[in-house]
>>> print(open('query_22.txt').read())   # compact mmCIF, C-alpha atoms
# COMPACT_ATOMS: atom_id res chain seq x y z
CA MET A 1298 16.06 -1.14 -19.21
CA LYS A 1299 13.59 1.73 -19.45
CA ASN A 1300 11.04 3.11 -17.02
CA ARG A 1301 12.85 1.78 -13.95
CA ASN A 1302 12.72 4.96 -11.82
CA ILE A 1303 9.17 5.64 -10.67
CA LEU A 1304 7.93 8.39 -8.37
CA ILE A 1305 4.89 7.49 -6.28
CA SER A 1306 2.88 10.19 -4.50
CA GLY A 1307 1.21 8.92 -1.32
CA ALA A 1308 2.38 6.68 1.53
CA SER A 1309 -0.94 5.35 2.80
CA ILE A 1310 -2.03 2.03 1.26
CA ALA A 1311 -1.83 2.02 -2.54
CA GLY A 1312 1.55 3.82 -2.61
CA PRO A 1313 3.57 1.47 -0.40
CA ALA A 1314 1.82 -1.57 -1.90
CA LEU A 1315 2.77 -0.43 -5.39
CA ALA A 1316 6.33 0.28 -4.24
CA TYR A 1317 6.55 -3.23 -2.76
CA TRP A 1318 5.66 -4.94 -6.02
CA LEU A 1319 7.72 -2.61 -8.19
CA ARG A 1320 10.81 -3.27 -6.07
CA ARG A 1321 10.21 -7.01 -6.28
CA TYR A 1322 10.23 -6.72 -10.07
CA GLY A 1323 13.47 -4.76 -10.19
CA PHE A 1324 12.17 -1.17 -10.38
CA ASN A 1325 13.46 1.75 -8.32
CA PRO A 1326 10.42 3.38 -6.68
CA THR A 1327 10.53 6.57 -4.65
CA VAL A 1328 7.57 7.44 -2.40
CA VAL A 1329 6.80 11.06 -1.48
CA GLU A 1330 4.28 11.85 1.25
CA ARG A 1331 2.83 15.22 2.22
CA ALA A 1332 2.52 14.31 5.91
CA PRO A 1333 5.60 14.72 8.14
CA ALA A 1334 5.42 11.06 9.17
CA LEU A 1335 3.47 7.91 8.50
CA ARG A 1336 -0.24 8.47 9.10
CA GLU A 1337 -1.05 6.14 11.99
CA GLY A 1338 -4.71 7.09 12.54
CA GLY A 1339 -7.82 6.23 10.61
CA TYR A 1340 -10.75 3.89 10.88
CA LYS A 1341 -11.53 0.20 10.40
CA VAL A 1342 -10.97 -1.08 6.87
CA ASP A 1343 -11.59 -4.44 5.23
CA ILE A 1344 -9.32 -6.60 3.11
CA ARG A 1345 -11.58 -8.89 1.11
CA GLY A 1346 -11.56 -11.42 -1.68
CA ALA A 1347 -8.84 -10.77 -4.25
CA ALA A 1348 -7.08 -8.38 -1.88
CA VAL A 1349 -6.61 -11.23 0.60
CA ALA A 1350 -4.84 -13.15 -2.15
CA VAL A 1351 -2.62 -10.13 -2.85
CA ALA A 1352 -1.70 -9.85 0.84
CA GLU A 1353 -0.87 -13.55 0.89
CA ARG A 1354 1.38 -13.19 -2.17
CA MET A 1355 3.14 -10.34 -0.35
CA GLY A 1356 3.80 -12.65 2.58
CA LEU A 1357 1.93 -10.29 4.91
CA LEU A 1358 -1.36 -12.08 5.50
CA ALA A 1359 -0.37 -13.65 8.83
CA GLU A 1360 0.82 -10.28 10.13
CA LEU A 1361 -2.40 -8.62 9.00
CA ARG A 1362 -4.47 -11.25 10.78
CA HIS A 1363 -2.43 -10.77 13.93
CA ALA A 1364 -3.22 -7.03 13.81
CA SER A 1365 -6.91 -7.51 13.03
CA THR A 1366 -9.49 -5.56 15.01
CA ASP A 1367 -10.91 -8.75 16.55
CA MET A 1368 -14.30 -7.07 16.78
CA ARG A 1369 -16.98 -9.21 18.46
CA GLY A 1370 -20.20 -7.45 17.54
CA ALA A 1371 -22.35 -4.36 17.17
CA SER A 1372 -25.44 -3.13 19.00
CA PHE A 1373 -28.07 -0.61 18.00
CA VAL A 1374 -29.11 1.63 20.89
CA ASN A 1375 -31.92 4.07 21.61
CA GLN A 1376 -31.68 7.58 23.03
CA ALA A 1377 -31.36 6.22 26.57
CA GLY A 1378 -28.54 3.89 25.55
CA ARG A 1379 -30.55 0.68 25.83
CA ARG A 1380 -29.37 -1.97 23.39
CA LEU A 1381 -32.22 -2.78 21.03
CA ALA A 1382 -30.59 -5.27 18.67
CA THR A 1383 -27.21 -6.95 18.29
CA MET A 1384 -25.30 -8.39 15.34
CA ASP A 1385 -22.22 -10.55 14.96
CA ALA A 1386 -19.21 -8.45 13.87
CA ASP A 1387 -18.62 -10.28 10.59
CA LEU A 1388 -22.28 -10.07 9.60
CA PHE A 1389 -22.37 -6.39 10.51
CA GLY A 1390 -19.27 -5.78 8.37
CA GLY A 1391 -20.41 -7.97 5.48
CA ARG A 1392 -17.34 -10.16 5.81
CA SER A 1393 -17.09 -13.79 4.74
CA GLY A 1394 -14.46 -16.48 4.39
CA GLU A 1395 -10.89 -15.20 4.73
CA ASP A 1396 -11.72 -11.47 4.89
CA VAL A 1397 -9.70 -9.41 7.38
CA GLU A 1398 -10.69 -6.23 9.21
CA ILE A 1399 -7.81 -4.00 10.36
CA MET A 1400 -7.25 -0.39 11.37
CA ARG A 1401 -6.08 1.68 8.41
CA GLY A 1402 -3.09 2.95 10.39
CA ASP A 1403 -1.98 -0.58 11.25
CA LEU A 1404 -2.17 -1.61 7.61
CA ALA A 1405 -0.18 1.46 6.55
CA ARG A 1406 2.47 0.67 9.17
CA ILE A 1407 2.78 -2.96 8.07
CA LEU A 1408 3.18 -1.95 4.42
CA TYR A 1409 5.74 0.70 5.35
CA GLU A 1410 7.78 -1.69 7.48
CA ALA A 1411 7.78 -4.20 4.62
CA THR A 1412 9.24 -1.63 2.21
CA ARG A 1413 11.25 0.96 4.14
CA SER A 1414 14.59 -0.87 4.07
CA ASP A 1415 15.06 -0.79 0.30
CA ILE A 1416 12.73 1.98 -0.91
CA GLU A 1417 13.29 5.72 -0.66
CA TYR A 1418 10.58 7.51 1.33
CA ILE A 1419 10.39 11.31 1.40
CA PHE A 1420 8.07 12.69 4.09
CA ASN A 1421 6.88 16.25 4.59
CA ASP A 1422 6.97 17.05 0.88
CA SER A 1423 4.69 17.02 -2.14
CA ILE A 1424 4.81 17.35 -5.91
CA THR A 1425 4.11 20.87 -7.14
CA THR A 1426 4.62 20.56 -10.90
CA ILE A 1427 4.95 17.76 -13.44
CA VAL A 1428 6.50 18.35 -16.86
CA GLN A 1429 6.39 15.37 -19.19
CA GLY A 1430 9.00 14.80 -21.86
CA GLU A 1431 9.51 12.08 -24.42
CA THR A 1432 11.76 10.05 -22.13
CA ASP A 1433 11.12 11.30 -18.60
CA VAL A 1434 9.01 13.36 -16.21
CA LYS A 1435 10.49 16.36 -14.43
CA ALA A 1436 8.94 16.95 -11.02
CA THR A 1437 9.32 19.88 -8.67
CA PHE A 1438 8.55 19.67 -4.96
CA ALA A 1439 7.30 21.97 -2.24
CA HIS A 1440 10.56 21.58 -0.30
CA GLY A 1441 13.05 19.28 -2.03
CA PRO A 1442 15.06 19.95 -5.20
CA PRO A 1443 13.64 19.13 -8.66
CA ARG A 1444 14.16 15.58 -9.89
CA SER A 1445 13.55 13.54 -13.02
CA PHE A 1446 11.80 10.16 -13.13
CA ASP A 1447 10.74 7.80 -15.86
CA LEU A 1448 7.13 7.59 -14.63
CA VAL A 1449 4.94 9.19 -11.95
CA VAL A 1450 2.06 7.46 -10.16
CA GLY A 1451 -0.54 9.26 -8.08
CA ALA A 1452 -1.54 7.11 -5.10
CA ASP A 1453 -2.53 10.15 -3.09
CA GLY A 1454 -6.20 9.59 -2.38
CA LEU A 1455 -9.56 11.11 -3.18
CA HIS A 1456 -8.19 14.65 -3.47
CA SER A 1457 -5.12 13.59 -5.44
CA GLY A 1458 -2.58 16.29 -6.18
CA VAL A 1459 -1.07 14.27 -9.02
CA ARG A 1460 -4.49 13.88 -10.62
CA ALA A 1461 -5.00 17.65 -10.47
CA LEU A 1462 -1.63 18.28 -12.10
CA ALA A 1463 -2.03 15.71 -14.87
CA PHE A 1464 -5.79 15.65 -15.49
CA GLY A 1465 -7.28 18.89 -14.16
CA ASP A 1466 -9.65 20.01 -11.44
CA GLU A 1467 -11.16 17.25 -9.30
CA ALA A 1468 -14.69 18.58 -9.85
CA ALA A 1469 -14.69 16.79 -13.20
CA PHE A 1470 -14.11 13.40 -11.59
CA ILE A 1471 -15.65 13.33 -8.09
CA ARG A 1472 -19.31 12.44 -7.53
CA ASN A 1473 -20.83 13.36 -4.19
CA LEU A 1474 -23.20 10.63 -2.96
CA GLY A 1475 -25.23 13.04 -0.86
CA HIS A 1476 -23.70 12.10 2.49
CA TYR A 1477 -20.84 13.20 4.74
CA ILE A 1478 -18.58 11.34 7.14
CA ALA A 1479 -16.56 12.42 10.16
CA ILE A 1480 -14.37 10.27 12.38
CA PHE A 1481 -12.00 10.99 15.25
CA THR A 1482 -10.49 9.43 18.37
CA VAL A 1483 -12.26 9.86 21.72
CA PRO A 1484 -11.75 8.45 25.23
CA ASN A 1485 -13.39 5.05 25.66
CA HIS A 1486 -15.80 6.30 28.33
CA LEU A 1487 -18.36 3.68 27.28
CA HIS A 1488 -15.83 0.94 28.14
CA LEU A 1489 -16.28 -0.83 24.82
CA ASP A 1490 -14.30 -4.03 24.34
CA ARG A 1491 -14.08 -4.91 20.63
CA TRP A 1492 -17.63 -3.71 20.26
CA GLU A 1493 -19.48 -0.90 18.54
CA LEU A 1494 -22.66 0.97 19.32
CA LEU A 1495 -24.88 2.68 16.75
CA TYR A 1496 -27.47 5.35 17.34
CA ALA A 1497 -29.69 6.39 14.44
CA VAL A 1498 -32.08 9.25 13.86
CA PRO A 1499 -33.56 10.19 10.48
CA GLY A 1500 -30.74 11.16 8.14
CA LYS A 1501 -27.99 10.73 10.75
CA THR A 1502 -26.03 7.88 12.33
CA THR A 1503 -23.56 7.97 15.21
CA ASN A 1504 -21.19 5.03 15.68
CA VAL A 1505 -18.68 4.48 18.51
CA TYR A 1506 -16.32 1.52 18.61
CA SER A 1507 -13.14 0.28 20.23
CA THR A 1508 -10.93 -2.43 18.75
CA ARG A 1509 -8.47 -4.93 20.17
CA GLN A 1510 -5.61 -3.41 22.17
CA ASP A 1511 -7.09 0.08 21.74
CA THR A 1512 -7.48 2.02 24.97
CA ASP A 1513 -9.37 4.77 23.16
CA ALA A 1514 -12.40 4.62 20.89
CA LYS A 1515 -13.42 6.00 17.50
CA ALA A 1516 -16.47 8.20 17.03
CA LEU A 1517 -17.91 8.06 13.53
CA PHE A 1518 -20.70 10.33 12.28
CA LEU A 1519 -22.64 9.90 9.03
CA PHE A 1520 -25.31 12.24 7.74
CA ALA A 1521 -27.23 13.01 4.58
CA ALA A 1522 -26.99 16.53 3.19
CA PRO A 1523 -26.91 18.45 -0.08
CA PRO A 1524 -23.46 19.63 -1.19
CA LEU A 1525 -21.91 21.76 1.54
CA ASN A 1526 -19.70 24.76 0.91
CA TYR A 1527 -16.64 24.53 3.16
CA ASP A 1528 -12.86 24.78 3.06
CA ARG A 1529 -11.34 21.30 2.95
CA ARG A 1530 -8.34 22.55 4.94
CA ASP A 1531 -10.32 24.43 7.59
CA ILE A 1532 -10.71 21.83 10.36
CA ASP A 1533 -12.42 24.26 12.75
CA GLN A 1534 -15.09 25.02 10.15
CA GLN A 1535 -15.68 21.31 9.59
CA LYS A 1536 -16.05 20.72 13.33
CA ARG A 1537 -18.64 23.51 13.50
CA ILE A 1538 -20.60 21.91 10.65
CA LEU A 1539 -20.63 18.57 12.46
CA ALA A 1540 -21.58 20.12 15.81
CA GLU A 1541 -24.44 22.10 14.28
CA THR A 1542 -25.70 19.09 12.33
CA PHE A 1543 -25.84 16.77 15.36
CA ALA A 1544 -26.79 19.32 18.03
CA GLY A 1545 -29.50 18.05 20.37
CA GLU A 1546 -29.62 14.52 18.97
CA GLY A 1547 -29.41 12.74 22.33
CA TRP A 1548 -27.66 9.58 23.53
CA GLU A 1549 -23.87 10.23 23.87
CA VAL A 1550 -23.75 12.67 20.97
CA ALA A 1551 -23.22 15.83 23.03
CA ARG A 1552 -20.28 14.32 24.92
CA LEU A 1553 -18.69 13.01 21.76
CA LEU A 1554 -18.95 16.44 20.16
CA GLU A 1555 -17.31 17.97 23.22
CA GLU A 1556 -14.45 15.47 22.98
CA MET A 1557 -14.06 16.37 19.31
CA ALA A 1558 -12.24 19.56 20.37
CA GLU A 1559 -9.27 17.54 21.69
CA ALA A 1560 -9.19 14.91 18.97
CA PRO A 1561 -5.74 14.65 17.34
CA ASP A 1562 -6.99 13.03 14.14
CA PHE A 1563 -10.25 14.69 13.09
CA TYR A 1564 -11.35 13.72 9.57
CA PHE A 1565 -14.31 15.13 7.64
CA ASP A 1566 -15.30 14.78 4.00
CA ALA A 1567 -18.12 14.14 1.59
CA ILE A 1568 -18.78 10.50 0.79
CA SER A 1569 -17.78 10.54 -2.85
CA GLN A 1570 -16.66 8.32 -5.68
CA VAL A 1571 -14.12 8.94 -8.43
CA TYR A 1572 -15.02 8.26 -12.05
CA MET A 1573 -12.48 8.72 -14.84
CA ASP A 1574 -12.50 7.69 -18.48
CA ARG A 1575 -8.80 6.88 -18.25
CA TRP A 1576 -6.34 6.42 -15.41
CA SER A 1577 -3.21 7.52 -17.22
CA SER A 1578 -1.93 10.47 -19.19
CA GLY A 1579 1.39 10.03 -20.93
CA ARG A 1580 3.92 9.01 -18.30
CA VAL A 1581 1.57 9.63 -15.36
CA ALA A 1582 -0.85 7.06 -13.96
CA LEU A 1583 -3.20 6.85 -10.97
CA VAL A 1584 -4.00 4.01 -8.58
CA GLY A 1585 -6.40 3.50 -5.67
CA ASP A 1586 -8.75 6.26 -4.55
CA ALA A 1587 -7.02 8.79 -6.79
CA SER A 1588 -8.35 7.01 -9.88
CA TYR A 1589 -11.38 4.97 -8.80
CA GLY A 1590 -12.21 5.71 -5.17
CA PRO A 1591 -15.36 3.72 -4.34
CA SER A 1592 -16.05 5.71 -1.13
CA PRO A 1593 -16.09 4.46 2.48
CA ALA A 1594 -19.71 3.40 1.92
CA SER A 1595 -18.56 0.62 -0.40
CA GLY A 1596 -16.23 -0.92 2.15
CA GLN A 1597 -13.92 -1.72 -0.76
CA GLY A 1598 -11.48 1.18 -1.02
CA THR A 1599 -8.61 -0.66 0.68
CA SER A 1600 -9.13 -3.81 -1.35
CA LEU A 1601 -9.19 -1.87 -4.61
CA ALA A 1602 -5.98 -0.09 -3.59
CA LEU A 1603 -4.15 -3.36 -2.85
CA VAL A 1604 -5.37 -5.11 -5.99
CA GLY A 1605 -4.80 -2.06 -8.18
CA ALA A 1606 -1.21 -1.71 -6.95
CA TYR A 1607 -0.57 -5.39 -7.64
CA VAL A 1608 -1.99 -5.22 -11.16
CA LEU A 1609 -0.28 -1.96 -12.11
CA ALA A 1610 3.14 -3.17 -10.96
CA GLY A 1611 2.64 -6.51 -12.70
CA GLU A 1612 1.65 -4.95 -16.00
CA LEU A 1613 4.61 -2.55 -15.89
CA ALA A 1614 6.89 -5.52 -15.27
CA THR A 1615 5.55 -7.53 -18.20
CA ALA A 1616 5.16 -4.77 -20.79
CA ALA A 1617 8.75 -4.81 -22.10
CA ASP A 1618 9.37 -1.13 -21.14
CA ASP A 1619 6.22 0.02 -22.96
CA HIS A 1620 4.41 2.07 -20.31
CA HIS A 1621 1.54 2.88 -22.69
CA LEU A 1622 0.85 -0.83 -23.10
CA ALA A 1623 1.22 -1.41 -19.35
CA PHE A 1624 -1.24 1.35 -18.46
CA THR A 1625 -3.75 0.08 -21.03
CA ARG A 1626 -3.55 -3.47 -19.73
CA TYR A 1627 -3.84 -2.22 -16.14
CA GLU A 1628 -7.11 -0.50 -17.00
CA ASP A 1629 -8.38 -3.49 -18.94
CA GLU A 1630 -7.73 -5.79 -15.98
CA MET A 1631 -9.22 -3.47 -13.36
CA ARG A 1632 -12.13 -1.63 -14.97
CA LYS A 1633 -14.97 -4.15 -14.46
CA PHE A 1634 -13.67 -5.06 -11.01
CA VAL A 1635 -13.73 -1.39 -10.03
CA GLU A 1636 -17.21 -0.82 -11.43
CA GLN A 1637 -18.69 -3.78 -9.58
CA ASN A 1638 -17.19 -2.61 -6.28
CA GLN A 1639 -18.23 1.00 -6.77
CA SER A 1640 -21.80 -0.17 -7.36
CA LEU A 1641 -22.04 -1.34 -3.73
CA ALA A 1642 -21.95 2.14 -2.21
CA PRO A 1643 -25.43 3.55 -2.97
CA GLY A 1644 -27.21 0.50 -1.58
CA ASN A 1645 -24.95 0.35 1.47
CA LEU A 1646 -25.65 4.00 2.24
CA LYS A 1647 -29.38 3.34 2.37
CA GLY A 1648 -28.78 0.91 5.21
CA MET A 1649 -26.16 3.03 6.97
CA VAL A 1650 -28.19 6.25 7.12
CA LEU A 1651 -31.94 5.70 7.32
CA GLN A 1652 -34.27 8.49 6.33
CA SER A 1653 -37.28 7.99 8.64
CA ARG A 1654 -38.20 6.66 12.07
CA PRO A 1655 -40.31 3.83 10.57
CA GLN A 1656 -37.25 2.69 8.60
CA ILE A 1657 -35.13 2.76 11.75
CA TRP A 1658 -37.77 0.80 13.68
CA PHE A 1659 -38.13 -1.79 10.91
CA GLN A 1660 -34.37 -2.32 10.59
CA THR A 1661 -34.02 -2.77 14.34
CA GLN A 1662 -36.84 -5.29 14.46
CA MET A 1663 -35.39 -7.29 11.57
CA ILE A 1664 -32.02 -7.52 13.33
CA ARG A 1665 -33.69 -8.59 16.57
CA MET A 1666 -35.72 -11.28 14.81
CA LEU A 1667 -32.93 -12.59 12.55
CA PRO A 1668 -31.67 -15.35 14.91
CA TYR A 1669 -35.19 -16.78 15.13
CA LEU A 1670 -36.23 -16.60 11.49
CA PRO A 1671 -36.54 -19.80 9.43
CA GLY A 1672 -33.88 -19.89 6.74
CA LYS A 1673 -31.72 -17.34 8.54
CA GLU A 1674 -28.59 -18.76 6.88
CA ARG A 1675 -30.07 -17.94 3.47
CA ILE A 1676 -30.93 -14.41 4.61
CA ILE A 1677 -27.43 -13.88 5.98
CA GLY A 1678 -25.99 -15.26 2.76
CA ARG A 1679 -27.86 -12.66 0.73
CA VAL A 1680 -26.39 -9.91 2.91
CA THR A 1681 -22.80 -10.97 2.22
CA GLU A 1682 -23.19 -12.39 -1.30
CA ALA A 1683 -23.11 -9.11 -3.23
CA ILE A 1684 -20.04 -7.94 -1.32
CA HIS A 1685 -18.25 -11.25 -1.82
CA MET A 1686 -19.06 -11.32 -5.53
CA ALA A 1687 -17.68 -7.82 -5.99
CA ALA A 1688 -14.58 -8.55 -3.91
CA THR A 1689 -13.73 -11.60 -6.01
CA ALA A 1690 -14.75 -10.19 -9.42
CA ILE A 1691 -11.23 -10.36 -10.83
CA THR A 1692 -8.90 -13.22 -11.73
CA LEU A 1693 -5.42 -12.27 -10.57
CA LYS A 1694 -2.56 -13.04 -12.89
CA ASP A 1695 0.56 -14.60 -11.42
CA TYR A 1696 2.98 -11.95 -12.64
CA SER A 1697 5.97 -13.63 -11.00
CA LYS A 1698 5.71 -16.32 -13.67
CA LEU A 1699 5.42 -13.76 -16.46
CA VAL A 1700 8.32 -11.48 -15.57
CA ALA A 1701 11.42 -12.34 -17.57
>>> encode(input="query_22.txt", output="structure tokens")
Amino acid sequence: MKNRNILISGASIAGPALAYWLRRYGFNPTVVERAPALREGGYKVDIRGAAVAVAERMGLLAELRHASTDMRGASFVNQAGRRLATMDADLFGGRSGEDVEIMRGDLARILYEATRSDIEYIFNDSITTIVQGETDVKATFAHGPPRSFDLVVGADGLHSGVRALAFGDEAAFIRNLGHYIAIFTVPNHLHLDRWELLYAVPGKTTNVYSTRQDTDAKALFLFAAPPLNYDRRDIDQQKRILAETFAGEGWEVARLLEEMAEAPDFYFDAISQVYMDRWSSGRVALVGDASYGPSPASGQGTSLALVGAYVLAGELATAADDHHLAFTRYEDEMRKFVEQNQSLAPGNLKGMVLQSRPQIWFQTQMIRMLPYLPGKERIIGRVTEAIHMAATAITLKDYSKLVA
């Protein structure tokens, strides 16, 4: 059998999910992760539509539901903290049917626990070079000795190192959507219980929430801006950018920015999408955000990662050792699904970061009036319909019946 030994870069969502399916089909995956340990932090993520079916086929859906955020609702507040309008949590998140909301760190932990016993994980290391041959790929690492694999898969996120090595500089593939996001853990001084509060000013939104069994809270900042020049590895510089952008904005913003200094998990980045003409090059392929990141604004990054991992593993298992055929079929299966989910982001951003006070006022009034409007079910249905259609815009093959 050929192409059995596969190196996967990234131990967040797509990487362990891919490793799970590859191992089930008789492959020998190895997962390398730059971080010294599993990344437990992160923000709320959604598992929707086809991704729910993937989780069920993995036998993990009940565990994911048990670890769900159990959010109850969201309120929009003014500068004084008065709640102006409230929404049900599922409506606020655009969820419907069997969709599940979970903390990214909890999902990563569940996937890791489901795979750690029979899959090799290498933490605190990263791939530094990839040399492709006719029958294998030779990889060197920042710390470990060189090794050879049959195939390499980059599941290492928006700023993928594997993509840079195999395809070139990320500037050719990443599109900035004109907004930035920051999120970090803060004390739950607002005493939120499975609730989130949003405070909006023109071009900027501040969101604080606390989920089930979380004694802390998450502070999330969104703002519109032209491309910013900063060092992606300079956390102090990123904190200064955020502090300067939100200085003097009122409500709890000043306190949250003060608490940012002690946050153990500060994250800052442009809200961007990844567009590539092809997701493979020779014996190297990409999955998840590395190849088709839809951005946090889409709400679909996690679902695309889970579905993409499922499809890639399935096509490798059914391609009779022909990785070129497997990669082609993987793209054929996923491309339209990816495009439909990526298309959600621009429209979502318009509702997440409003550009004027009249827009903010109008949105607040619409949310306040929604429970009393005739035909409110139809209005709510329109809110969730586009998301549901995108999340289910793929027919999953049952690869277990196709694998010899």
>>> atom_distance(input="query_22.txt", atom1="atom CA of Met1368 of chain A", atom2="atom CA of Gln1662 of chain A")
22.7 Å
>>> atom_distance(input="query_22.txt", atom1="atom CA of Glu1546 of chain A", atom2="atom CA of Val1498 of chain A")
7.7 Å
>>> atom_distance(input="query_22.txt", atom1="atom CA of Glu1417 of chain A", atom2="atom CA of Arg1320 of chain A")
10.8 Å
>>> closest_atom_pairs(input="query_22.txt", of="segment 1598-1668 of chain A", to="segment 1373-1395 of chain A", cutoff="8 Å", atoms="only C-alpha atoms", output="CSV")
residue,atom,partner,partner_atom,distance
A:Thr1661,CA,A:Ala1382,CA,6.1
A:Gln1662,CA,A:Ala1382,CA,7.5
A:Ile1664,CA,A:Ala1382,CA,6.0
A:Arg1665,CA,A:Ala1382,CA,5.0
>>> write_last_selection(input="query_22.txt", atoms="C-alpha atoms", output="short mmCIF file (atom, residue, chain, number, x, y, z; two decimals), keeping the file's coordinate frame")
data_model
loop_
_atom_site.label_atom_id
_atom_site.label_comp_id
_atom_site.auth_asym_id
_atom_site.auth_seq_id
_atom_site.Cartn_x
_atom_site.Cartn_y
_atom_site.Cartn_z
CA THR A 1661 -34.02 -2.77 14.34
CA GLN A 1662 -36.84 -5.29 14.46
CA ILE A 1664 -32.02 -7.52 13.33
CA ARG A 1665 -33.69 -8.59 16.57
#
>>> residues_around(input="query_22.txt", residues="Ser1588 of chain A", least_positions_apart="5", cutoff="9 Å", atoms="only C-alpha atoms", output="PyMOL selection string")
chain A and resi 1451-1452+1454-1455+1457+1460+1470+1571-1573+1575-1577+1582-1583
>>> residues_around(input="query_22.txt", residues="segment 1615-1625 of chain A", least_positions_apart="2", cutoff="6 Å", atoms="all atoms listed in the file", output="mmCIF file with C-alpha atoms, in the coordinates of the input")
data_model
loop_
_atom_site.group_PDB
_atom_site.id
_atom_site.type_symbol
_atom_site.label_atom_id
_atom_site.label_comp_id
_atom_site.auth_asym_id
_atom_site.auth_seq_id
_atom_site.Cartn_x
_atom_site.Cartn_y
_atom_site.Cartn_z
ATOM 1 C CA LYS A 1299 13.590 1.730 -19.450
ATOM 2 C CA GLU A 1612 1.650 -4.950 -16.000
ATOM 3 C CA LEU A 1613 4.610 -2.550 -15.890
ATOM 4 C CA TYR A 1627 -3.840 -2.220 -16.140
ATOM 5 C CA GLU A 1628 -7.110 -0.500 -17.000
ATOM 6 C CA VAL A 1700 8.320 -11.480 -15.570
#
>>> closest_residue(input="query_22.txt", among="A:Phe1438, A:Trp1492, A:Tyr1477, A:Tyr1317", to="Glu1330 of chain A", atoms="only C-alpha atoms")
A:Phe1438
>>> closest_residue(input="query_22.txt", among="A:Glu1549, A:Asp1586, A:Glu1337, A:Asp1396", to="Ser1365 of chain A", atoms="only C-alpha atoms")
A:Asp1396
>>> closest_residue(input="query_22.txt", among="A:Lys1647, A:Arg1509, A:His1488, A:Arg1354", to="Arg1369 of chain A", atoms="all atoms listed in the file")
A:Arg1509
>>> closest_residue(input="query_22.txt", among="A:Ile1310, A:Leu1553, A:Leu1404, A:Ala1347", to="Gly1585 of chain A", atoms="all atoms listed in the file")
A:Ile1310
>>> residues_near_point(input="query_22.txt", point="(-25.9, 10.2, 10.4)", cutoff="7 Å", atoms="all atoms listed in the file", output="list in words")
Ala1497, Gly1500, Lys1501, Thr1502, Thr1503, Phe1518, Leu1519, Phe1520, Ala1521 and Val1650 of chain A
>>> closest_residue(input="query_22.txt", among="A:Ala1610, A:Ile1344, A:Leu1603, A:Leu1670", to="Asp1695 of chain A", atoms="only C-alpha atoms")
A:Ala1610
>>> residues_around(input="query_22.txt", residues="Thr1482 of chain A", least_positions_apart="4", cutoff="12 Å", atoms="all atoms listed in the file", output="number ranges by chain")
A: 1337-1340, 1486, 1504-1508, 1511-1518, 1553-1564
>>> closest_residue(input="query_22.txt", among="A:Gly1611, A:Pro1655, A:Gly1648, A:Pro1593", to="Leu1693 of chain A", atoms="all atoms listed in the file")
A:Gly1611
>>> residues_near_point(input="query_22.txt", point="(3.4, -11.6, -5.8)", cutoff="8 Å", atoms="only C-alpha atoms", output="PyMOL selection string")
chain A and resi 1318+1351+1354-1355+1607+1695-1697
>>> write_last_selection(input="query_22.txt", atoms="C-alpha atoms", output="mmCIF file, keeping the file's coordinate frame")
data_model
loop_
_atom_site.group_PDB
_atom_site.id
_atom_site.type_symbol
_atom_site.label_atom_id
_atom_site.label_comp_id
_atom_site.auth_asym_id
_atom_site.auth_seq_id
_atom_site.Cartn_x
_atom_site.Cartn_y
_atom_site.Cartn_z
ATOM 1 C CA TRP A 1318 5.660 -4.940 -6.020
ATOM 2 C CA VAL A 1351 -2.620 -10.130 -2.850
ATOM 3 C CA ARG A 1354 1.380 -13.190 -2.170
ATOM 4 C CA MET A 1355 3.140 -10.340 -0.350
ATOM 5 C CA TYR A 1607 -0.570 -5.390 -7.640
ATOM 6 C CA ASP A 1695 0.560 -14.600 -11.420
ATOM 7 C CA TYR A 1696 2.980 -11.950 -12.640
ATOM 8 C CA SER A 1697 5.970 -13.630 -11.000
#
>>> residues_around(input="query_22.txt", residues="Val1434 of chain A", least_positions_apart="2", cutoff="6 Å", atoms="only C-alpha atoms", output="MDAnalysis selection string")
chainID A and resid 1428:1430 1445:1447
>>> write_last_selection(input="query_22.txt", atoms="C-alpha atoms", output="CSV table (one decimal), keeping the file's coordinate frame")
chain,number,residue,atom,x,y,z
A,1428,VAL,CA,6.5,18.4,-16.9
A,1429,GLN,CA,6.4,15.4,-19.2
A,1430,GLY,CA,9.0,14.8,-21.9
A,1445,SER,CA,13.6,13.5,-13.0
A,1446,PHE,CA,11.8,10.2,-13.1
A,1447,ASP,CA,10.7,7.8,-15.9
>>> residues_around(input="query_22.txt", residues="Tyr1418 of chain A", least_positions_apart="5", cutoff="7 Å", atoms="all atoms listed in the file", output="MDAnalysis selection string")
chainID A and resid 1327:1329
>>> decode(input="query_22.txt", residues="segment 1626-1630 of chain A", atoms="N, CA and C atoms", output="PDB file, in the first residue's frame")
ATOM      1  N   ARG A1626     -10.361  14.976  -6.496  1.00  0.00           N
ATOM      2  CA  ARG A1626     -11.730  14.685  -6.059  1.00  0.00           C
ATOM      3  C   ARG A1626     -12.096  15.473  -4.801  1.00  0.00           C
ATOM      4  N   TYR A1627     -11.151  15.635  -3.917  1.00  0.00           N
ATOM      5  CA  TYR A1627     -11.357  16.441  -2.702  1.00  0.00           C
ATOM      6  C   TYR A1627     -11.761  17.862  -3.074  1.00  0.00           C
ATOM      7  N   GLU A1628     -11.050  18.460  -4.003  1.00  0.00           N
ATOM      8  CA  GLU A1628     -11.394  19.814  -4.441  1.00  0.00           C
ATOM      9  C   GLU A1628     -12.749  19.847  -5.144  1.00  0.00           C
ATOM     10  N   ASP A1629     -13.005  18.858  -5.967  1.00  0.00           N
ATOM     11  CA  ASP A1629     -14.283  18.813  -6.671  1.00  0.00           C
ATOM     12  C   ASP A1629     -15.448  18.730  -5.694  1.00  0.00           C
ATOM     13  N   GLU A1630     -15.299  17.944  -4.653  1.00  0.00           N
ATOM     14  CA  GLU A1630     -16.364  17.786  -3.667  1.00  0.00           C
ATOM     15  C   GLU A1630     -16.569  19.054  -2.842  1.00  0.00           C
TER      16      GLU A1630
END
